[in-house]
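Okay, run_28.cif is below, mmCIF, C-alpha atoms:
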```
data_query
#
loop_
_atom_site.label_atom_id
_atom_site.label_comp_id
_atom_site.auth_asym_id
_atom_site.auth_seq_id
_atom_site.Cartn_x
_atom_site.Cartn_y
_atom_site.Cartn_z
CA MET A 5 10.18 1.51 13.02
CA PRO A 6 11.83 4.92 12.42
CA GLU A 7 13.64 5.11 9.10
CA LYS A 8 17.40 5.15 9.52
CA VAL A 9 19.20 7.93 7.67
CA LYS A 10 20.30 6.46 4.38
CA SER A 11 23.47 7.47 2.59
CA GLY A 12 23.14 9.32 -0.72
CA GLU A 13 24.07 6.15 -2.57
CA GLU A 14 21.48 4.07 -0.72
CA TYR A 15 18.80 6.68 -1.30
CA LEU A 16 19.66 6.99 -4.99
CA PHE A 17 19.37 3.21 -5.33
CA GLU A 18 15.99 3.30 -3.57
CA ILE A 19 14.68 5.96 -5.95
CA GLY A 20 15.97 3.97 -8.92
CA ALA A 21 14.25 0.80 -7.67
CA PHE A 22 11.02 2.74 -7.11
CA LEU A 23 11.09 4.15 -10.65
CA ILE A 24 11.78 0.82 -12.34
CA SER A 25 9.13 -0.99 -10.26
CA SER A 26 6.67 1.80 -11.00
CA ALA A 27 7.38 1.58 -14.73
CA LYS A 28 6.57 -2.12 -14.62
CA GLY A 29 3.43 -1.49 -12.56
CA CYS A 30 2.23 1.18 -14.98
CA LEU A 31 2.05 -1.44 -17.74
CA GLY A 32 -1.03 -2.93 -16.11
CA GLU A 33 -2.29 -0.66 -13.35
CA PRO A 34 -5.09 1.91 -13.56
CA LYS A 35 -4.19 5.00 -15.59
CA LEU A 36 -4.29 7.35 -12.60
CA TYR A 37 -1.56 5.34 -10.87
CA GLY A 38 0.95 6.77 -13.39
CA PRO A 39 0.55 10.34 -12.07
CA LEU A 40 0.44 8.96 -8.53
CA ARG A 41 3.81 7.25 -8.99
CA LEU A 42 5.34 10.39 -10.50
CA LEU A 43 4.17 12.45 -7.54
CA THR A 44 5.56 9.87 -5.12
CA ALA A 45 8.85 9.97 -7.03
CA PHE A 46 8.80 13.76 -6.68
CA SER A 47 8.27 13.33 -2.91
CA LYS A 48 11.28 11.07 -2.71
CA MET A 49 13.39 13.44 -4.82
CA ALA A 50 12.48 16.43 -2.64
CA LEU A 51 14.15 14.63 0.28
CA LEU A 52 17.46 14.15 -1.55
CA PRO A 53 19.19 16.95 0.46
CA GLU A 54 18.62 14.91 3.66
CA HIS A 55 20.84 12.23 2.19
CA VAL A 56 23.25 14.20 -0.01
CA PRO A 57 25.04 16.82 2.14
CA CYS A 58 26.16 18.99 -0.79
CA LEU A 59 22.53 19.69 -1.76
CA LYS A 60 20.60 22.49 -0.05
CA GLU A 61 17.01 22.03 1.11
CA ASP A 62 14.48 23.63 -1.20
CA LYS A 63 11.59 24.92 0.91
CA PHE A 64 9.25 25.22 -2.07
CA LEU A 65 9.84 21.59 -3.04
CA LEU A 66 9.46 20.45 0.56
CA ASP A 67 6.17 22.35 0.93
CA LEU A 68 4.87 20.73 -2.25
CA ARG A 69 6.00 17.39 -0.94
CA GLY A 70 4.07 17.97 2.29
CA GLU A 71 0.90 18.65 0.33
CA ILE A 72 1.44 15.61 -1.86
CA GLU A 73 2.09 13.30 1.07
CA GLU A 74 -1.01 14.53 2.85
CA LYS A 75 -3.44 14.45 -0.04
CA VAL A 76 -2.66 12.20 -2.95
CA VAL A 77 -3.31 8.72 -1.60
CA PRO A 78 -6.70 9.56 -0.04
CA LEU A 79 -7.72 11.45 -3.18
CA VAL A 80 -6.70 8.81 -5.70
CA VAL A 81 -8.62 6.23 -3.69
CA SER A 82 -11.76 8.19 -2.95
CA ASP A 83 -12.09 11.07 -5.40
CA PRO A 84 -10.28 10.77 -8.76
CA GLU A 85 -11.69 14.08 -10.03
CA LYS A 86 -10.28 15.97 -7.04
CA PHE A 87 -7.01 14.11 -7.55
CA LYS A 88 -6.82 15.43 -11.13
CA GLN A 89 -7.66 18.94 -9.95
CA PHE A 90 -5.00 18.68 -7.24
CA ILE A 91 -2.38 17.93 -9.91
CA LYS A 92 -3.56 20.86 -12.03
CA ASP A 93 -3.32 23.14 -8.99
CA LEU A 94 0.20 21.86 -8.30
CA SER A 95 1.27 22.76 -11.81
CA VAL A 96 -0.09 26.30 -11.39
CA LYS A 97 1.86 26.69 -8.13
CA LEU A 98 4.94 25.37 -9.90
CA ALA A 99 4.51 27.84 -12.76
CA GLY A 100 4.28 30.67 -10.22
CA GLU A 101 7.50 29.52 -8.59
CA ILE A 102 9.30 29.18 -11.94
CA LYS A 103 8.22 32.70 -12.78
CA LYS A 104 9.53 33.99 -9.44
CA ARG A 105 12.87 32.25 -9.89
CA LYS A 106 13.47 32.81 -13.60
CA ILE A 107 11.57 35.89 -14.78
CA LYS A 108 12.71 38.98 -12.94
CA MET B 29 -23.86 -10.30 14.66
CA GLU B 30 -24.11 -6.58 15.37
CA SER B 31 -20.54 -6.54 16.62
CA LEU B 32 -19.30 -8.32 13.47
CA LEU B 33 -21.06 -5.74 11.31
CA ARG B 34 -19.51 -2.98 13.43
CA LEU B 35 -16.02 -4.43 12.81
CA ILE B 36 -16.73 -4.65 9.09
CA ARG B 37 -17.95 -1.05 8.95
CA GLU B 38 -15.24 0.47 11.13
CA ARG B 39 -12.19 -1.27 9.66
CA ARG B 40 -10.13 1.04 7.45
CA SER B 41 -7.08 0.52 5.27
CA ILE B 42 -4.22 1.98 7.30
CA ARG B 43 -0.88 2.97 5.78
CA GLU B 44 0.72 4.85 8.69
CA PHE B 45 1.79 2.82 11.69
CA THR B 46 3.45 3.39 15.05
CA PRO B 47 6.93 1.80 15.38
CA GLN B 48 5.56 -0.81 17.83
CA LYS B 49 6.45 -4.34 16.75
CA VAL B 50 3.68 -6.89 16.19
CA PRO B 51 4.10 -10.12 18.20
CA LEU B 52 4.63 -13.15 15.98
CA SER B 53 1.88 -14.97 17.92
CA ASP B 54 -0.60 -12.26 16.84
CA ILE B 55 0.44 -12.58 13.20
CA GLU B 56 -0.02 -16.33 13.41
CA GLU B 57 -3.49 -15.80 14.87
CA LEU B 58 -4.42 -13.75 11.81
CA LEU B 59 -3.18 -16.51 9.54
CA GLU B 60 -5.14 -19.04 11.59
CA ALA B 61 -8.28 -17.03 10.79
CA ALA B 62 -7.30 -16.80 7.12
CA ARG B 63 -6.77 -20.54 6.72
CA TRP B 64 -10.37 -21.22 7.76
CA ALA B 65 -11.74 -19.23 4.84
CA PRO B 66 -13.82 -21.07 2.25
CA SER B 67 -12.22 -22.07 -1.05
CA GLY B 68 -13.50 -23.65 -4.25
CA SER B 69 -13.09 -27.44 -4.14
CA ASN B 70 -11.40 -26.85 -0.77
CA ALA B 71 -8.25 -26.06 -2.76
CA GLN B 72 -6.88 -23.81 0.02
CA PRO B 73 -4.61 -22.13 -2.54
CA TRP B 74 -3.22 -19.54 -0.11
CA ARG B 75 0.30 -19.53 1.22
CA PHE B 76 1.89 -16.87 3.41
CA VAL B 77 5.28 -15.33 4.04
CA ILE B 78 5.76 -13.34 7.26
CA VAL B 79 8.21 -10.44 6.96
CA THR B 80 9.16 -8.52 10.11
CA GLU B 81 12.91 -8.08 9.80
CA GLY B 82 13.71 -4.42 9.04
CA GLU B 83 16.08 -4.96 6.12
CA ALA B 84 13.64 -7.39 4.48
CA VAL B 85 10.81 -4.85 4.87
CA GLU B 86 13.05 -2.22 3.26
CA ALA B 87 13.89 -4.56 0.39
CA LEU B 88 10.20 -5.24 -0.28
CA LYS B 89 9.47 -1.50 -0.20
CA MET B 90 12.02 -0.94 -2.97
CA VAL B 91 10.01 -3.02 -5.44
CA SER B 92 6.55 -2.03 -4.17
CA PRO B 93 5.46 1.40 -5.41
CA GLY B 94 2.14 1.08 -3.57
CA LEU B 95 3.78 0.46 -0.21
CA PHE B 96 4.03 3.70 1.73
CA GLY B 97 5.24 4.39 5.26
CA GLU B 98 7.12 2.12 7.62
CA PRO B 99 5.07 -0.99 8.37
CA PRO B 100 6.45 -3.11 11.22
CA ALA B 101 5.25 -6.27 9.49
CA ILE B 102 4.18 -7.50 6.08
CA ILE B 103 2.29 -10.65 5.25
CA VAL B 104 2.88 -11.73 1.66
CA MET B 105 -0.24 -13.57 0.51
CA CYS B 106 0.59 -16.03 -2.23
CA PHE B 107 -1.03 -18.63 -4.44
CA ASN B 108 0.29 -22.13 -4.34
CA GLY B 109 0.42 -23.01 -8.03
CA GLU B 110 0.22 -26.72 -7.25
CA SER B 111 -3.23 -26.35 -5.71
CA LEU B 112 -4.68 -24.27 -8.53
CA GLN B 113 -7.34 -25.92 -10.64
CA SER B 114 -8.79 -25.31 -14.06
CA THR B 115 -11.00 -22.50 -12.75
CA SER B 116 -7.96 -20.78 -11.35
CA GLU B 117 -9.33 -17.24 -11.68
CA LEU B 118 -11.89 -18.20 -9.06
CA HIS B 119 -9.06 -18.76 -6.61
CA TYR B 120 -8.75 -14.98 -6.42
CA VAL B 121 -12.15 -15.16 -4.72
CA ASP B 122 -10.69 -17.70 -2.29
CA LEU B 123 -7.81 -15.40 -1.52
CA GLY B 124 -10.24 -12.52 -1.02
CA ALA B 125 -12.18 -14.52 1.55
CA ALA B 126 -8.97 -15.38 3.40
CA LEU B 127 -7.91 -11.74 3.25
CA GLN B 128 -11.16 -10.47 4.77
CA SER B 129 -10.89 -12.98 7.63
CA LEU B 130 -7.33 -11.79 8.22
CA LEU B 131 -8.27 -8.09 8.10
CA LEU B 132 -11.20 -8.42 10.48
CA THR B 133 -9.27 -10.55 12.96
CA ALA B 134 -6.49 -7.98 12.92
CA TYR B 135 -8.91 -5.14 13.51
CA SER B 136 -10.58 -7.00 16.37
CA LYS B 137 -7.14 -7.22 18.04
CA GLY B 138 -6.35 -3.50 17.67
CA LEU B 139 -4.13 -4.06 14.66
CA ASP B 140 -4.66 -2.51 11.26
CA CYS B 141 -3.68 -3.50 7.75
CA CYS B 142 -3.67 -2.38 4.17
CA PRO B 143 -3.67 -4.89 1.32
CA ILE B 144 -1.38 -3.73 -1.48
CA ALA B 145 -1.42 -5.00 -5.04
CA SER B 146 1.00 -2.44 -6.52
CA PHE B 147 4.24 -4.35 -6.31
CA ASP B 148 6.51 -6.29 -8.61
CA ALA B 149 5.51 -9.90 -7.93
CA GLU B 150 8.48 -11.43 -9.74
CA ALA B 151 10.89 -9.21 -7.84
CA VAL B 152 9.24 -10.09 -4.51
CA ALA B 153 9.46 -13.80 -5.33
CA GLU B 154 13.14 -13.34 -6.11
CA LEU B 155 13.84 -11.32 -2.95
CA LEU B 156 12.12 -13.89 -0.74
CA SER B 157 13.60 -16.89 -2.60
CA LEU B 158 10.14 -18.35 -3.11
CA PRO B 159 9.85 -21.71 -4.84
CA SER B 160 8.56 -21.46 -8.42
CA GLN B 161 5.05 -22.67 -7.58
CA ILE B 162 4.51 -19.93 -4.97
CA HIS B 163 3.20 -16.71 -6.56
CA PRO B 164 2.89 -13.50 -4.53
CA VAL B 165 -0.53 -11.90 -5.02
CA LEU B 166 -0.88 -9.31 -2.24
CA LEU B 167 1.27 -7.59 0.34
CA VAL B 168 -0.64 -6.96 3.56
CA VAL B 169 1.10 -4.31 5.64
CA LEU B 170 0.33 -4.66 9.30
CA GLY B 171 0.83 -2.76 12.53
CA TYR B 172 -0.69 -0.46 15.12
CA PRO B 173 -2.46 2.51 13.52
CA ASN B 174 -1.00 6.01 13.47
CA GLU B 175 -3.80 7.59 11.45
CA ASN B 176 -7.57 7.63 11.55
CA PRO B 177 -8.84 8.10 8.00
CA HIS B 178 -12.44 8.86 7.14
CA PRO B 179 -14.23 6.00 5.43
CA PRO B 180 -14.25 6.38 1.64
CA PRO B 181 -17.81 6.70 0.33
CA ARG B 182 -19.79 3.55 -0.29
CA LEU B 183 -22.46 3.18 -2.92
CA PRO B 184 -25.94 2.99 -1.40
CA LEU B 185 -27.38 -0.48 -1.10
CA ASN B 186 -30.26 0.29 -3.47
CA GLU B 187 -27.72 0.98 -6.27
CA LEU B 188 -25.99 -2.33 -5.63
CA ILE B 189 -29.07 -4.52 -5.73
CA VAL B 190 -29.71 -4.70 -9.45
CA GLY B 191 -32.58 -7.12 -9.35
CA ARG B 192 -35.34 -8.41 -7.09
CA PHE B 193 -37.55 -11.28 -8.14
#
```

Target format structure tokens, applied to this file:
Amino acid sequence: MPEKVKSGEEYLFEIGAFLISSAKGCLGEPKLYGPLRLLTAFSKMALLPEHVPCLKEDKFLLDLRGEIEEKVVPLVVSDPEKFKQFIKDLSVKLAGEIKKRKIK
Amino acid sequence: MESLLRLIRERRSIREFTPQKVPLSDIEELLEAARWAPSGSNAQPWRFVIVTEGEAVEALKMVSPGLFGEPPAIIVMCFNGESLQSTSELHYVDLGAALQSLLLTAYSKGLDCCPIASFDAEAVAELLSLPSQIHPVLLVVLGYPNENPHPPPRLPLNELIVGRF
């Protein structure tokens, strides 16, 4: 069932529902699910420009999203140590991008 | 026997599905398999909700952080509170037996599933207008597979057998 294109308001509501449900889940779920939910929330946020026409696509964020979508669920299920390393590597990539954008 | 073991070994948890709809008769066949699972004191504590309508699937996704992708169908596995007995924690074992029957029957029919526990049970009960004695325990997403994941590692049998007498 292909996802219909949601309006900005619908998508914002969906992200809000995801965050609140995740917060509740984090009260009792395994510790690593917290980072997993944050990364999934990031994935959803990176797609905001698809739903909000005044926002421009950010290729860096979309590339990160692609990596996250491909890797996090298999890693958190099968290899928690690699999952942790994946997050550390993401933060290094992010720091590099911040440097490129902010420090001339 | 060999073919049953093959099904058990080859079945994977699938989260990415093709858009193809799952016939209701196939879903009912899975539930027919599930209802023949063993249960303590024959309590048969399981109850099911079938969700195939697109807007209802979307609504469940909103309160289910562990539900990824676009499943064409979801089976909500529930406890019936009225059939629970004093050893109610053991009814999770009953539900597990029903789940495995469901998963293997699905796989034998070319369908795949993923049981999901990361969801807001109270919100799901509210969304589906469940009576107060019906408690959602698992969401089983269901459809035709659009991925072919490698099996996660399994501990070797000699590490699992902790005693021989």

Determine the residue set returned by the PyMOL selection byres ((chain B) within 8 of (chain A)) for the present structure, and present it as a ChimeraX atom specification. /B:46-49,82,90-93,98-100,146-148,180-181

Please produce an output containing C-alpha atoms for each residue in the selection, written as a PDB file, in the frame of the given file.
```
ATOM      1  CA  THR B  46       3.450   3.390  15.050  1.00  0.00           C
ATOM      2  CA  PRO B  47       6.930   1.800  15.380  1.00  0.00           C
ATOM      3  CA  GLN B  48       5.560  -0.810  17.830  1.00  0.00           C
ATOM      4  CA  LYS B  49       6.450  -4.340  16.750  1.00  0.00           C
ATOM      5  CA  GLY B  82      13.710  -4.420   9.040  1.00  0.00           C
ATOM      6  CA  MET B  90      12.020  -0.940  -2.970  1.00  0.00           C
ATOM      7  CA  VAL B  91      10.010  -3.020  -5.440  1.00  0.00           C
ATOM      8  CA  SER B  92       6.550  -2.030  -4.170  1.00  0.00           C
ATOM      9  CA  PRO B  93       5.460   1.400  -5.410  1.00  0.00           C
ATOM     10  CA  GLU B  98       7.120   2.120   7.620  1.00  0.00           C
ATOM     11  CA  PRO B  99       5.070  -0.990   8.370  1.00  0.00           C
ATOM     12  CA  PRO B 100       6.450  -3.110  11.220  1.00  0.00           C
ATOM     13  CA  SER B 146       1.000  -2.440  -6.520  1.00  0.00           C
ATOM     14  CA  PHE B 147       4.240  -4.350  -6.310  1.00  0.00           C
ATOM     15  CA  ASP B 148       6.510  -6.290  -8.610  1.00  0.00           C
ATOM     16  CA  PRO B 180     -14.250   6.380   1.640  1.00  0.00           C
ATOM     17  CA  PRO B 181     -17.810   6.700   0.330  1.00  0.00           C
TER      18      PRO B 181
END
```

Which distance in Å separates CA of Leu155 in chain B and CA of Ala50 in chain A, to one decimal?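 If I compute the distance from CA of Leu155 in chain B to CA of Ala50 in chain A, I get 27.8 Å.
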
In Å, rounded to a single decimal, give me how far CA of Ala61 in chain B is from CA of Pro159 in chain B. 24.4 Å

Where's the centre, and what are the edge lengths in Å to one decimal, of a box along x, y and z enclosing all listed atoms of range 65-71 of chain A padded 5 Å per side, as AutoDock Vina command-line options?
```
--center_x 5.4 --center_y 19.9 --center_z -0.4 --size_x 18.9 --size_y 15.0 --size_z 15.3
```

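The shortest atom-to-atom distance to Ile55 in chain B, with all atoms listed in the file taken into account, belongs to B:Thr80 out of B:Asn108, B:Ser69, B:Thr80, B:Asn186.
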
Go through the shown structure with the PyMOL selection byres ((chain A and resi 72) around 10) and write out the matching residues as a ChimeraX atom specification. /A:40,43-44,46-47,66-71,73-77,90-91,94

Select, from B:Leu118, B:Ala153, B:Cys141, B:Leu132, the residue with the minimum atom-to-atom distance to Leu32 in chain B, counting all atoms listed in the file.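 Ranking B:Leu118, B:Ala153, B:Cys141, B:Leu132 by distance to Leu32 in chain B, first place goes to B:Leu132.
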
Report, in Å to a single decimal, how far apart CA of Leu58 in chain B and CA of His163 in chain B are. 20.1 Å

Result set of the PyMOL selection byres ((chain B and resi 41) around 12) on the coordinates above, as a ChimeraX atom specification: /A:77-78,81 /B:36-40,42-45,128,131-132,134-135,139-144,168-180

Find, counting all atoms listed in the file, the residue in B:Leu35, B:Ala71, B:Ile103, B:Ala151 that gets nearest to Leu127 in chain B. B:Ile103

Using all atoms listed in the file, can you tell me which of B:Leu185, B:Ala145, B:Cys106, B:Leu156 comes closest to Glu83 in chain B?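 Ranked by minimum distance to Glu83 in chain B, first place goes to B:Leu156.
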
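Take the candidates B:Val85, B:Ala101, B:Val79, B:Ala65 and check each one against Gly124 in chain B using only C-alpha atoms; the shortest distance goes to B:Ala65.
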